[in-house]
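Asks: Input data-v2.cif, format and content: mmCIF, C-alpha atoms.
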data_coords
loop_
_atom_site.label_atom_id
_atom_site.label_comp_id
_atom_site.auth_asym_id
_atom_site.auth_seq_id
_atom_site.Cartn_x
_atom_site.Cartn_y
_atom_site.Cartn_z
CA MET A 1 -128.39 146.74 93.05
CA ARG A 2 -126.06 144.35 91.28
CA ALA A 3 -127.29 140.77 91.66
CA ALA A 4 -125.31 137.59 91.06
CA LEU A 5 -127.50 134.61 90.14
CA ILE A 6 -125.64 131.41 91.00
CA GLN A 7 -126.66 128.39 88.94
CA MET A 8 -124.91 125.40 90.47
CA ASP A 9 -125.03 121.62 90.69
CA LEU A 10 -125.94 120.24 94.13
CA ALA A 11 -124.38 117.23 95.83
CA TRP A 12 -127.24 115.08 97.12
CA GLU A 13 -127.76 115.50 100.88
CA ASP A 14 -124.16 116.62 101.39
CA TRP A 15 -124.03 120.10 102.90
CA SER A 16 -120.25 120.23 103.32
CA ARG A 17 -119.65 119.59 99.60
CA ASN A 18 -122.31 122.11 98.64
CA HIS A 19 -120.80 124.75 100.92
CA ALA A 20 -117.42 124.26 99.26
CA ARG A 21 -118.89 124.43 95.76
CA ALA A 22 -120.98 127.51 96.53
CA ALA A 23 -118.00 129.30 98.11
CA GLN A 24 -116.21 129.41 94.76
CA HIS A 25 -119.19 131.02 93.06
CA LEU A 26 -119.73 133.49 95.89
CA LYS A 27 -116.12 134.62 95.66
CA ARG A 28 -116.65 135.32 91.96
CA ALA A 29 -119.84 137.27 92.75
CA ALA A 30 -118.10 139.41 95.37
CA ASP A 31 -115.11 140.07 93.09
CA ALA A 32 -117.53 141.35 90.44
CA GLY A 33 -119.04 143.86 92.86
CA ALA A 34 -122.39 142.18 93.48
CA ASP A 35 -124.56 143.58 96.28
CA LEU A 36 -126.64 140.40 96.42
CA ALA A 37 -125.73 136.80 95.56
CA VAL A 38 -128.54 134.26 95.16
CA LEU A 39 -128.21 130.49 95.68
CA PRO A 40 -130.87 127.92 94.68
CA GLU A 41 -133.62 126.39 96.80
CA MET A 42 -132.28 123.95 99.43
CA PHE A 43 -128.78 124.58 98.07
CA ALA A 44 -127.10 122.64 100.89
CA SER A 45 -128.93 119.35 100.23
CA GLY A 46 -130.91 119.28 97.01
CA PHE A 47 -134.69 118.83 97.01
CA SER A 48 -134.75 115.93 99.46
CA MET A 49 -137.65 114.86 101.66
CA ASN A 50 -135.25 113.19 104.10
CA THR A 51 -135.81 115.92 106.66
CA VAL A 52 -134.31 113.90 109.52
CA LYS A 53 -130.98 114.09 107.71
CA ILE A 54 -131.09 117.47 105.92
CA ALA A 55 -133.18 119.87 108.04
CA GLN A 56 -130.95 122.01 110.23
CA PRO A 57 -132.00 124.12 113.21
CA PRO A 58 -131.75 127.91 113.01
CA GLY A 59 -128.17 128.64 113.94
CA GLY A 60 -127.03 125.33 112.44
CA PRO A 61 -123.97 124.72 110.25
CA THR A 62 -125.43 126.15 107.02
CA GLU A 63 -126.69 129.31 108.69
CA ARG A 64 -123.32 129.82 110.38
CA TRP A 65 -121.56 129.24 107.05
CA LEU A 66 -123.79 131.79 105.30
CA LEU A 67 -123.10 134.33 108.03
CA GLY A 68 -119.36 133.81 107.68
CA MET A 69 -119.47 134.12 103.88
CA ALA A 70 -121.63 137.25 103.95
CA ARG A 71 -119.36 138.89 106.50
CA GLY A 72 -116.12 137.79 104.86
CA LEU A 73 -117.15 138.84 101.35
CA SER A 74 -119.17 141.94 102.39
CA ILE A 75 -122.16 140.77 100.37
CA HIS A 76 -125.84 140.01 101.00
CA LEU A 77 -126.78 136.36 100.45
CA LEU A 78 -130.18 134.88 99.59
CA ALA A 79 -130.17 131.10 99.89
CA GLY A 80 -132.61 128.21 100.28
CA VAL A 81 -132.26 126.13 103.46
CA ALA A 82 -134.36 123.33 104.97
CA GLU A 83 -134.84 124.23 108.65
CA THR A 84 -136.42 122.49 111.60
CA ALA A 85 -139.69 123.85 112.96
CA SER A 86 -142.89 122.59 114.59
CA PRO A 87 -144.93 120.65 113.68
CA LEU A 88 -142.90 120.11 110.47
CA PRO A 89 -139.71 121.60 109.01
CA VAL A 90 -139.88 124.59 106.66
CA ASN A 91 -138.39 125.18 103.21
CA ASN A 92 -136.91 128.62 103.78
CA ALA A 93 -135.26 131.41 101.87
CA LEU A 94 -132.74 133.17 104.12
CA LEU A 95 -131.47 136.68 103.52
CA VAL A 96 -128.15 137.13 105.31
CA SER A 97 -126.47 140.53 105.55
CA PRO A 98 -122.76 141.34 105.98
CA GLU A 99 -123.69 142.80 109.38
CA GLY A 100 -125.05 139.45 110.57
CA GLU A 101 -128.78 140.11 110.22
CA ILE A 102 -130.90 137.13 109.12
CA ARG A 103 -134.40 137.29 107.67
CA ARG A 104 -136.58 134.32 106.74
CA TYR A 105 -139.30 133.59 104.22
CA SER A 106 -141.00 130.18 104.34
CA LYS A 107 -142.22 128.64 101.08
CA ILE A 108 -145.99 129.10 101.08
CA HIS A 109 -146.87 126.29 98.69
CA PRO A 110 -145.31 122.85 99.38
CA PHE A 111 -145.05 120.85 96.14
CA SER A 112 -147.88 118.34 96.65
CA PHE A 113 -147.11 116.58 93.33
CA ALA A 114 -143.95 115.27 95.03
CA GLY A 115 -145.52 114.94 98.49
CA GLU A 116 -143.59 117.86 99.97
CA GLU A 117 -146.52 118.77 102.22
CA LYS A 118 -146.00 115.50 104.13
CA PHE A 119 -142.52 116.60 105.19
CA PHE A 120 -142.59 120.43 105.13
CA GLN A 121 -145.21 122.85 106.39
CA GLY A 122 -146.19 125.85 104.28
CA GLY A 123 -145.42 129.43 105.23
CA GLU A 124 -148.06 131.96 106.18
CA GLY A 125 -147.13 135.15 104.32
CA VAL A 126 -144.94 137.03 101.88
CA ALA A 127 -141.92 139.11 102.86
CA THR A 128 -140.27 142.10 101.21
CA TRP A 129 -136.79 143.30 102.19
CA GLU A 130 -134.46 146.04 101.00
CA VAL A 131 -130.95 145.44 99.68
CA ALA A 132 -128.83 148.32 98.36
CA GLY A 133 -131.87 150.56 97.94
CA THR A 134 -133.84 147.88 96.07
CA ARG A 135 -136.97 146.17 97.39
CA ILE A 136 -136.84 142.38 96.88
CA THR A 137 -139.48 139.75 97.53
CA PRO A 138 -138.27 136.12 97.77
CA LEU A 139 -140.37 133.16 96.65
CA VAL A 140 -139.51 129.47 96.40
CA CYS A 141 -139.97 127.18 93.39
CA TYR A 142 -143.63 125.98 93.32
CA ASP A 143 -144.71 129.44 94.57
CA LEU A 144 -144.08 130.60 90.99
CA ARG A 145 -147.25 128.86 89.82
CA PHE A 146 -149.43 131.02 92.06
CA PRO A 147 -149.94 134.67 91.02
CA GLU A 148 -151.52 135.72 94.32
CA PRO A 149 -148.39 136.30 96.46
CA PHE A 150 -146.74 138.16 93.58
CA ARG A 151 -149.72 140.46 93.18
CA LEU A 152 -149.99 141.02 96.91
CA ALA A 153 -146.40 142.28 97.05
CA ALA A 154 -146.21 143.98 93.64
CA ARG A 155 -146.63 147.62 94.66
CA GLU A 156 -143.91 147.36 97.31
CA THR A 157 -141.48 145.31 95.19
CA ASP A 158 -138.82 146.13 92.63
CA ALA A 159 -137.62 142.55 92.10
CA PHE A 160 -139.08 139.14 92.81
CA VAL A 161 -136.36 136.56 93.49
CA VAL A 162 -137.49 132.97 92.85
CA ILE A 163 -135.12 130.22 94.01
CA ALA A 164 -135.83 126.72 92.78
CA ASN A 165 -135.10 123.06 92.13
CA TRP A 166 -137.29 123.04 89.00
CA PRO A 167 -137.03 119.84 86.91
CA GLU A 168 -136.01 119.89 83.27
CA ARG A 169 -139.20 118.08 82.22
CA ARG A 170 -141.24 121.20 83.08
CA ARG A 171 -138.71 123.81 81.98
CA ALA A 172 -141.13 125.43 79.50
CA HIS A 173 -143.43 126.27 82.42
CA TRP A 174 -140.56 127.82 84.37
CA GLN A 175 -139.51 130.01 81.45
CA LEU A 176 -143.07 131.11 80.70
CA LEU A 177 -144.06 131.86 84.30
CA LEU A 178 -140.95 133.92 85.06
CA ARG A 179 -141.80 136.21 82.15
CA ALA A 180 -145.51 136.28 83.00
CA ARG A 181 -144.87 137.31 86.60
CA ALA A 182 -142.56 140.12 85.43
CA VAL A 183 -145.04 141.47 82.87
CA GLU A 184 -148.17 141.28 85.01
CA ASN A 185 -146.49 142.90 88.03
CA GLN A 186 -144.21 145.30 86.12
CA ALA A 187 -141.19 144.27 88.17
CA PHE A 188 -137.89 142.49 87.69
CA VAL A 189 -138.03 138.74 88.20
CA LEU A 190 -134.81 136.87 89.01
CA GLY A 191 -135.19 133.10 88.75
CA VAL A 192 -132.33 130.97 90.13
CA ASN A 193 -132.51 127.24 89.46
CA ARG A 194 -130.04 124.40 89.98
CA VAL A 195 -128.43 122.20 87.31
CA GLY A 196 -127.33 118.58 87.30
CA ASP A 197 -129.02 115.45 88.63
CA GLY A 198 -130.47 114.65 92.03
CA ASP A 199 -132.37 111.54 93.14
CA GLY A 200 -133.05 110.56 89.52
CA VAL A 201 -134.30 113.99 88.42
CA HIS A 202 -132.50 116.17 85.87
CA TYR A 203 -132.35 119.94 86.25
CA ALA A 204 -131.54 122.16 83.25
CA GLY A 205 -131.17 125.40 85.16
CA ASP A 206 -132.64 128.07 82.89
CA THR A 207 -131.68 130.66 85.49
CA ALA A 208 -132.83 134.02 84.13
CA ALA A 209 -133.24 137.72 84.81
CA ILE A 210 -136.41 139.26 83.36
CA SER A 211 -137.09 142.99 83.03
CA PRO A 212 -140.37 144.70 84.01
CA TRP A 213 -141.23 144.64 80.28
CA GLY A 214 -140.76 140.88 80.04
CA GLU A 215 -137.39 141.02 78.28
CA THR A 216 -134.81 138.35 79.11
CA LEU A 217 -131.73 140.24 80.30
CA ALA A 218 -129.57 137.18 81.00
CA SER A 219 -130.08 133.42 81.01
CA ALA A 220 -128.14 130.15 81.08
CA ALA A 221 -128.92 126.44 80.90
CA GLU A 222 -127.20 123.14 81.70
CA ILE A 223 -123.95 124.61 83.07
CA GLU A 224 -122.68 125.91 86.39
CA THR A 225 -122.32 129.66 86.04
CA VAL A 226 -122.91 133.04 87.65
CA LEU A 227 -125.13 135.55 85.86
CA PHE A 228 -124.94 139.23 86.72
CA VAL A 229 -127.76 141.74 86.37
CA ASP A 230 -128.20 145.33 87.50
CA VAL A 231 -131.63 145.92 89.05
CA ASP A 232 -132.59 149.59 88.96
CA PRO A 233 -135.78 150.56 90.87
CA ARG A 234 -136.10 153.58 88.58
CA GLN A 235 -136.81 151.22 85.68
CA VAL A 236 -139.66 149.70 87.65
CA ALA A 237 -141.12 153.12 88.45
CA ASP A 238 -140.70 154.19 84.82
CA SER A 239 -142.48 151.12 83.44
CA ARG A 240 -145.40 151.66 85.80
CA ALA A 241 -145.62 155.35 84.94
CA ARG A 242 -145.50 154.75 81.19
CA PHE A 243 -148.00 151.89 81.21
CA SER A 244 -150.15 152.07 84.32
CA ALA A 245 -151.76 148.62 84.32
CA LEU A 246 -151.32 148.15 88.07
CA ALA A 247 -153.17 151.41 88.71
CA ASP A 248 -156.15 150.11 86.73
CA ARG A 249 -156.75 147.09 88.94
CA ARG A 250 -160.26 146.78 90.42
CA PRO A 251 -159.88 144.24 93.24
CA GLU A 252 -163.32 145.10 94.63
CA SER A 253 -164.81 143.59 91.45
CA TYR A 254 -162.74 140.40 91.38
CA ARG A 255 -165.40 138.15 92.89
CA ARG A 256 -168.26 135.98 91.74
#
As structure tokens, please, write out the structure in this file.

Replies:
Amino acid sequence: MRAALIQMDLAWEDWSRNHARAAQHLKRAADAGADLAVLPEMFASGFSMNTVKIAQPPGGPTERWLLGMARGLSIHLLAGVAETASPLPVNNALLVSPEGEIRRYSKIHPFSFAGEEKFFQGGEGVATWEVAGTRITPLVCYDLRFPEPFRLAARETDAFVVIANWPERRRAHWQLLLRARAVENQAFVLGVNRVGDGDGVHYAGDTAAISPWGETLASAAEIETVLFVDVDPRQVADSRARFSALADRRPESYRR
């Protein structure tokens, strides 16, 4: 599976401008033969808590736009979208196929440090989907700090895809945790972060692709760009066969 990791600036709470900006990057991804293009968390609005303004219903303008782009470019899209739900909206990752299929993952861990839990409800489980013969598990931003969902999905996953609005002031944590999650789960980790400034917060990007051995295959900071990486499930199987750490887990003993 060839993945295109789209590191882009986001216009604050302006979905039409963000659609137009993302379209240029998606065209580049499709022209380069990508099977999957990944956009950041809440790419249509930035990380805003103004849910009355930014949260769209399923089937709303951003979902329809993603469907049109996926169909028109013959590419799978993974993108972060704030969507209405009850009792609170959800911070979702949407996987949209060229055939018009839509799958949803809801961010499990709202970012309480910024009060996200007051405006968005947390999801209830992990999801793993297949794209071009590769098993991918999406997670959203703050989820990266929690090893549990990664471990739960590890055996059925070739690549974890983490979409984010991760601030520059904590960039060292982002870089470290992407590599840690790859090494401990022996899987690819694709981290896609935004750049630029939003609501007084600066974002450095640091979008990166990490191998199952913890090697950085591609990375970029501070600029809008598209990174390409080839994710081969055989490399995941090979790493687990050569160094069988996952097989040595003893979950029955992991208790007080």

Asks: Can you give me, as an mmCIF file with C-alpha atoms, in the coordinates of the input, the residues this file yields under the PyMOL selection byres ((chain A and resi 14) around 10)?

Replies:
data_model
loop_
_atom_site.group_PDB
_atom_site.id
_atom_site.type_symbol
_atom_site.label_atom_id
_atom_site.label_comp_id
_atom_site.auth_asym_id
_atom_site.auth_seq_id
_atom_site.Cartn_x
_atom_site.Cartn_y
_atom_site.Cartn_z
ATOM 1 C CA LEU A 10 -125.940 120.240 94.130
ATOM 2 C CA ALA A 11 -124.380 117.230 95.830
ATOM 3 C CA TRP A 12 -127.240 115.080 97.120
ATOM 4 C CA GLU A 13 -127.760 115.500 100.880
ATOM 5 C CA TRP A 15 -124.030 120.100 102.900
ATOM 6 C CA SER A 16 -120.250 120.230 103.320
ATOM 7 C CA ARG A 17 -119.650 119.590 99.600
ATOM 8 C CA ASN A 18 -122.310 122.110 98.640
ATOM 9 C CA HIS A 19 -120.800 124.750 100.920
ATOM 10 C CA PHE A 43 -128.780 124.580 98.070
ATOM 11 C CA ALA A 44 -127.100 122.640 100.890
ATOM 12 C CA SER A 45 -128.930 119.350 100.230
ATOM 13 C CA GLY A 46 -130.910 119.280 97.010
ATOM 14 C CA LYS A 53 -130.980 114.090 107.710
ATOM 15 C CA ILE A 54 -131.090 117.470 105.920
#

Asks: So, with only C-alpha atoms as the atoms that count, which of A:Glu41, A:Glu222, A:Glu63, A:Asp238 lies closest to Gln186 in chain A?

Replies: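 Using only C-alpha atoms, Gln186 in chain A sits closest to A:Asp238.
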
Asks: Given all atoms listed in the file as the basis, pick out the residue of A:Pro233, A:Pro212, A:Gly191, A:Gly59 nearest to Pro138 in chain A.

Replies: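 Counting all atoms listed in the file, the residue closest to Pro138 in chain A is A:Gly191.
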
Asks: Leaving out Glu184 in chain A and any residue of its chain fewer than 4 positions from it, which residues lie within 12 Å of it when counting all atoms listed in the file, given as a list in words?

Replies: Pro147, Glu148, Phe150, Arg151, Ala154, Arg155, Leu177, Leu178, Arg179, Ala180, Phe188, Val189, Ser211, Pro212, Trp213, Gly214, Ser239, Arg240, Phe243, Ser244, Ala245, Leu246, Ala247 and Arg249 of chain A

Asks: What's the separation between CA of Ala23 in chain A and CA of Thr216 in chain A, in Å to one decimal place?

Replies: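 So the answer is 26.9 Å.
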